Amino acid sequence: MGPVIDAGGLTHAYPDGTTAINDVSLTINEGERVAVVGANGSGKSTLQLALGGLIEPTAGAVEYFEETTDAEAVRERLGVLLQDPDDYLFNTTVREDIEYGPAQLGQSRATAAERVETLADELGLTELLDRPPFRLSGGEKQRAAVASVLAFAPDVLLLDEPFGAVDATYRERILDLLAAHDGTLVVFTPSLDHVPELVDRVILVGRDGTIAADGSVRDVLTDRPLLADHGLRPPVTVRLFAGLVDDKSLPLTVAAAREFLREK
Amino acid sequence: MTGVVGRSVESITGALRAVFTAEQLAGEDGVLQRRDPRVTLVAITGLAVAVLIARTITVTVLFAVVTLVLARLSAVPFRQLLSRTAVVPLVSALIVLPQAVLLPGETVVAAFGLTVTDAGIAYVVFFTLRVGVGVGLLSLIVLTTPFSAVIAAMRGLGVPVALVWVIAVTYRYLFLFFDELQRLVLARNSRTTQGTLRGGWRDGRRLAGTFLLRTLDRGERVGRGMRARGGARPPSPYSRQQPLDTGDYALLAVAAVAVVGAGVVRWGL
């Protein structure tokens, strides 16, 4: 289980002088499930773009799969979903957008067609496949974007706010799809409610663009003062049970909370 | 930026944005839709070349009829074909309009010291018609064939990758250009009230500056979206090639006859 992403000293400053990420070093190992959390403007999206090889950091470098620092050389193994689906869906139909990745990355048409049908079915896109993406609602666009990144079955998923405007039903389906992903998963999000269902490790990015905490889901998400200092609210179950039970027993998910109450 | 200027910009950008996504016709059952995309590309381009070769208005009108027949057989409404085609010949007409008074010939109208000649009018009409028919034919390709299939056909026909790349990126960015403009106009309209025409123009100038910055930013972000899925590599959409049938050969034959016929009429045997 070697590192799939190994970033050292990543710093990125925009032309207006804003330093979005500041000397970030982190390692993501094969098969790990990680959430990168932080308040708005903390630099999560910039970090995602840098880790995905979509911007050139001002300083530092990222090594992929212990092989290369060139993200383009391993593009078929990296699934990077951008925050805004309008930046991700640029083809003339939803079907073309979902097929775009597999086609560009040299996957067979038969495999791609099968994946398009499966993902469209899972994400309620079957009726929308021949429509232009710009005619979709916000939630539909988000689902189409998620389907587009899953379509080429990358080993590593780097997803920036994959739930966006998605309604509760399809949020559950996306959670199921991500739970079933047997590769490495890194989710960038300011909302912590679904984090315990998806990942084992949480990296907290501070407002100054540095890493403020890196630990297990329980260690980071039950540290209420730490989260409050960084403008974050703990998951709903942590808020509900805080003070009633010790942090080590706090249920982190709704299912765990239900089980906890049943036992009591 | 409500009012005449705002409404005009909004309707024009909406229409142009729709032009770049009018792919529902590609799913209709029509003569061109049933063709192999390579055949459509070669045959229609051949017909457009024949239009360029033609030097008589009669032959050009004949090609206009062929274009309309192909549109009808491919379930393309004339109105949609016209809306997609009209801008280019209209601009062309404006450019060559001075020829109406510059070319020597029989006087048709004389006013304000300018003399409009019959040869001048004939030239303007012929030039505009030729451009209109050529653009109409090329529009038929994109109206009846999914854009990704056109790109795949170009790759299949051995068109240089650099050229295919430029066409693919230009097409996508033109759509994004109008999409961004429409978003900006909608955002401003939602926070402004009915103003004067002068106010609308003033607001429009400010909008133009913001629009340029937003387009550049959006272009950069979409570029990242493309690269995230292999967009840094040459365009390689899935081919929709199929074995050629009688209809494919017939269309190629029509195009070949058109090119040869136009050449014979122009240069003789």
# chains A, B, ... in the order shown; residues from 1 in each chain; ligands from 1
call {"tool": "residues_around", "arguments": {"residues": "Val62 in chain A", "least_positions_apart": "6", "cutoff": "8 Å", "atoms": "only C-alpha atoms", "output": "PyMOL selection string"}}
result
chain A and resi 5-8+10+50-51+53+69
call {"tool": "select_by_dssp", "arguments": {"residues": "range 114-243 of chain B", "states": "helix (DSSP H, G or I)", "output": "PyMOL selection string"}}
result
chain B and resi 118-144+147-156+161-189+197-227
call {"tool": "closest_atom_pairs", "arguments": {"of": "chain B", "to": "chain A", "cutoff": "7 Å", "atoms": "only C-alpha atoms", "output": "CSV"}}
result
residue,atom,partner,partner_atom,distance
B:Thr21,CA,A:Thr92,CA,5.4
B:Arg172,CA,A:Phe90,CA,6.6
B:Arg221,CA,A:Asp87,CA,5.8
B:Val222,CA,A:Asp87,CA,4.6
B:Arg224,CA,A:Leu54,CA,5.9
B:Gly225,CA,A:Tyr88,CA,4.7
B:Ala228,CA,A:Val80,CA,5.7
B:Arg229,CA,A:Gly101,CA,4.6
B:Gly230,CA,A:Gln104,CA,5.2
B:Gly231,CA,A:Gln104,CA,6.6
B:Arg233,CA,A:Gln104,CA,6.8
B:Pro235,CA,A:Gln104,CA,6.5
B:Ser236,CA,A:Gln104,CA,5.4
B:Pro237,CA,A:Ala103,CA,5.3
B:Tyr238,CA,A:Ala103,CA,6.0
call {"tool": "select_by_dssp", "arguments": {"residues": "range 21-222 of chain A", "states": "strand (DSSP E or B)", "output": "MDAnalysis selection string"}}
result
chainID A and resid 21:29 33:37 59:64 68 78:81 156:160 184:189 201:205 211:216
call {"tool": "residues_around", "arguments": {"residues": "Glu180 in chain B", "least_positions_apart": "6", "cutoff": "9 Å", "atoms": "only C-alpha atoms", "output": "PyMOL selection string"}}
result
chain B and resi 211+214-215+218
call {"tool": "write_last_selection", "arguments": {"atoms": "N, CA and C atoms", "output": "mmCIF file, in the first residue's frame"}}
result
data_model
loop_
_atom_site.group_PDB
_atom_site.id
_atom_site.type_symbol
_atom_site.label_atom_id
_atom_site.label_comp_id
_atom_site.auth_asym_id
_atom_site.auth_seq_id
_atom_site.Cartn_x
_atom_site.Cartn_y
_atom_site.Cartn_z
ATOM 1 N N PHE B 211 -17.264 41.131 -18.835
ATOM 2 C CA PHE B 211 -17.450 39.927 -19.637
ATOM 3 C C PHE B 211 -16.108 39.362 -20.107
ATOM 4 N N ARG B 214 -14.436 37.658 -17.193
ATOM 5 C CA ARG B 214 -15.132 36.414 -16.827
ATOM 6 C C ARG B 214 -14.910 35.322 -17.860
ATOM 7 N N THR B 215 -14.901 35.716 -19.135
ATOM 8 C CA THR B 215 -14.698 34.711 -20.190
ATOM 9 C C THR B 215 -13.315 34.086 -20.077
ATOM 10 N N ARG B 218 -13.392 31.777 -17.071
ATOM 11 C CA ARG B 218 -14.173 30.568 -17.357
ATOM 12 C C ARG B 218 -13.400 29.656 -18.302
#
call {"tool": "atom_distance", "arguments": {"atom1": "CA of Val24 in chain A", "atom2": "CA of Phe163 in chain A"}}
result
25.5 Å
call {"tool": "closest_atom_pairs", "arguments": {"of": "range 111-165 of chain B", "to": "range 90-104 of chain B", "cutoff": "8 Å", "atoms": "only C-alpha atoms", "output": "CSV"}}
result
residue,atom,partner,partner_atom,distance
B:Leu114,CA,B:Val101,CA,6.5
B:Thr115,CA,B:Val101,CA,5.4
B:Val116,CA,B:Val101,CA,4.5
B:Thr117,CA,B:Ala100,CA,6.1
B:Asp118,CA,B:Ala100,CA,7.8
B:Ala119,CA,B:Leu103,CA,6.4
B:Gly120,CA,B:Ala100,CA,3.6
B:Ile121,CA,B:Ala100,CA,5.0
B:Tyr123,CA,B:Gln99,CA,7.3
B:Val124,CA,B:Val96,CA,6.1
B:Val125,CA,B:Ala93,CA,7.8
B:Phe127,CA,B:Ala93,CA,7.5
B:Thr128,CA,B:Ala93,CA,5.4
B:Val131,CA,B:Ser92,CA,7.5
call {"tool": "write_last_selection", "arguments": {"atoms": "C-alpha atoms", "output": "short mmCIF file (atom, residue, chain, number, x, y, z; two decimals), in the first residue's frame"}}
result
data_model
loop_
_atom_site.label_atom_id
_atom_site.label_comp_id
_atom_site.auth_asym_id
_atom_site.auth_seq_id
_atom_site.Cartn_x
_atom_site.Cartn_y
_atom_site.Cartn_z
CA LEU B 114 -23.92 57.39 -56.48
CA THR B 115 -24.87 55.16 -59.36
CA VAL B 116 -26.08 51.64 -58.67
CA THR B 117 -25.40 49.40 -61.67
CA ASP B 118 -27.02 46.15 -62.80
CA ALA B 119 -23.63 44.42 -62.79
CA GLY B 120 -23.04 45.67 -59.25
CA ILE B 121 -26.39 44.35 -58.00
CA TYR B 123 -22.39 40.71 -58.10
CA VAL B 124 -23.73 41.47 -54.61
CA VAL B 125 -26.63 39.03 -55.02
CA PHE B 127 -21.73 36.68 -53.83
CA THR B 128 -24.23 36.69 -50.97
CA VAL B 131 -21.80 32.41 -49.27
#
call {"tool": "decode", "arguments": {"residues": "range 146-236 of chain A", "atoms": "C-alpha atoms", "output": "JSON list (two decimals), in the first residue's frame"}}
result
[["chain", "number", "residue", "atom", "x", "y", "z"],
["A", 146, "VAL", "CA", -20.01, 12.78, -10.93],
["A", 147, "ALA", "CA", -20.90, 10.25, -13.65],
["A", 148, "SER", "CA", -18.30, 11.84, -15.94],
["A", 149, "VAL", "CA", -15.48, 11.36, -13.47],
["A", 150, "LEU", "CA", -16.51, 7.82, -12.52],
["A", 151, "ALA", "CA", -16.92, 6.83, -16.20],
["A", 152, "PHE", "CA", -13.23, 6.15, -16.78],
["A", 153, "ALA", "CA", -12.87, 4.22, -13.50],
["A", 154, "PRO", "CA", -9.78, 6.00, -12.15],
["A", 155, "ASP", "CA", -7.78, 4.45, -9.30],
["A", 156, "VAL", "CA", -7.71, 7.70, -7.33],
["A", 157, "LEU", "CA", -10.71, 10.01, -6.96],
["A", 158, "LEU", "CA", -10.10, 13.65, -6.00],
["A", 159, "LEU", "CA", -13.60, 15.12, -5.66],
["A", 160, "ASP", "CA", -14.32, 18.74, -4.81],
["A", 161, "GLU", "CA", -17.74, 19.03, -3.12],
["A", 162, "PRO", "CA", -19.31, 16.11, -5.02],
["A", 163, "PHE", "CA", -22.73, 16.56, -3.41],
["A", 164, "GLY", "CA", -23.19, 20.25, -4.33],
["A", 165, "ALA", "CA", -26.84, 20.90, -5.18],
["A", 166, "VAL", "CA", -27.83, 17.23, -5.25],
["A", 167, "ASP", "CA", -31.07, 16.29, -3.49],
["A", 168, "ALA", "CA", -31.23, 13.77, -0.62],
["A", 169, "THR", "CA", -32.12, 10.75, -2.78],
["A", 170, "TYR", "CA", -29.26, 11.17, -5.20],
["A", 171, "ARG", "CA", -26.86, 12.24, -2.42],
["A", 172, "GLU", "CA", -27.42, 8.76, -0.95],
["A", 173, "ARG", "CA", -26.77, 7.17, -4.35],
["A", 174, "ILE", "CA", -23.55, 9.12, -4.80],
["A", 175, "LEU", "CA", -22.51, 8.10, -1.28],
["A", 176, "ASP", "CA", -23.21, 4.48, -2.20],
["A", 177, "LEU", "CA", -21.18, 4.77, -5.41],
["A", 178, "LEU", "CA", -18.25, 6.34, -3.55],
["A", 179, "ALA", "CA", -18.50, 3.74, -0.80],
["A", 180, "ALA", "CA", -18.29, 1.04, -3.47],
["A", 181, "HIS", "CA", -15.19, 2.63, -5.07],
["A", 182, "ASP", "CA", -12.39, 0.19, -4.29],
["A", 183, "GLY", "CA", -9.55, 2.61, -4.99],
["A", 184, "THR", "CA", -8.33, 5.72, -3.20],
["A", 185, "LEU", "CA", -10.83, 8.43, -2.34],
["A", 186, "VAL", "CA", -10.11, 12.05, -1.41],
["A", 187, "VAL", "CA", -13.12, 14.31, -0.86],
["A", 188, "PHE", "CA", -12.75, 18.09, -0.44],
["A", 189, "THR", "CA", -15.69, 19.59, 1.45],
["A", 190, "PRO", "CA", -16.64, 22.31, 3.93],
["A", 191, "SER", "CA", -19.58, 20.22, 5.20],
["A", 192, "LEU", "CA", -18.76, 17.47, 7.69],
["A", 193, "ASP", "CA", -22.11, 15.65, 7.97],
["A", 194, "HIS", "CA", -21.31, 12.91, 5.44],
["A", 195, "VAL", "CA", -17.59, 12.72, 6.09],
["A", 196, "PRO", "CA", -17.75, 9.87, 8.69],
["A", 197, "GLU", "CA", -19.76, 7.70, 6.26],
["A", 198, "LEU", "CA", -17.13, 8.03, 3.56],
["A", 199, "VAL", "CA", -13.63, 8.25, 4.97],
["A", 200, "ASP", "CA", -11.28, 7.10, 7.72],
["A", 201, "ARG", "CA", -8.92, 10.06, 7.79],
["A", 202, "VAL", "CA", -9.52, 13.81, 7.93],
["A", 203, "ILE", "CA", -7.13, 16.58, 6.93],
["A", 204, "LEU", "CA", -8.15, 20.02, 8.19],
["A", 205, "VAL", "CA", -6.93, 22.98, 6.16],
["A", 206, "GLY", "CA", -6.66, 26.20, 8.15],
["A", 207, "ARG", "CA", -7.64, 29.67, 6.97],
["A", 208, "ASP", "CA", -3.95, 30.42, 6.34],
["A", 209, "GLY", "CA", -3.71, 27.58, 3.82],
["A", 210, "THR", "CA", -1.65, 25.30, 6.06],
["A", 211, "ILE", "CA", -2.60, 21.89, 7.43],
["A", 212, "ALA", "CA", -4.10, 22.47, 10.89],
["A", 213, "ALA", "CA", -4.85, 18.83, 11.70],
["A", 214, "ASP", "CA", -4.42, 15.41, 10.16],
["A", 215, "GLY", "CA", -5.85, 12.40, 11.94],
["A", 216, "SER", "CA", -8.57, 9.83, 12.25],
["A", 217, "VAL", "CA", -12.19, 10.83, 11.65],
["A", 218, "ARG", "CA", -12.96, 10.50, 15.35],
["A", 219, "ASP", "CA", -9.95, 12.50, 16.53],
["A", 220, "VAL", "CA", -10.60, 15.45, 14.24],
["A", 221, "LEU", "CA", -14.40, 15.55, 14.06],
["A", 222, "THR", "CA", -14.97, 15.28, 17.81],
["A", 223, "ASP", "CA", -12.49, 18.08, 18.54],
["A", 224, "ARG", "CA", -15.14, 20.78, 18.76],
["A", 225, "PRO", "CA", -12.81, 23.66, 19.78],
["A", 226, "LEU", "CA", -10.49, 22.87, 16.86],
["A", 227, "LEU", "CA", -13.39, 22.81, 14.39],
["A", 228, "ALA", "CA", -14.88, 26.01, 15.83],
["A", 229, "ASP", "CA", -11.49, 27.76, 15.51],
["A", 230, "HIS", "CA", -11.53, 26.93, 11.81],
["A", 231, "GLY", "CA", -15.14, 27.94, 11.14],
["A", 232, "LEU", "CA", -16.47, 24.39, 10.90],
["A", 233, "ARG", "CA", -19.44, 22.72, 12.58],
["A", 234, "PRO", "CA", -19.15, 19.08, 13.76],
["A", 235, "PRO", "CA", -21.38, 16.45, 12.15],
["A", 236, "VAL", "CA", -24.98, 16.43, 13.35]]
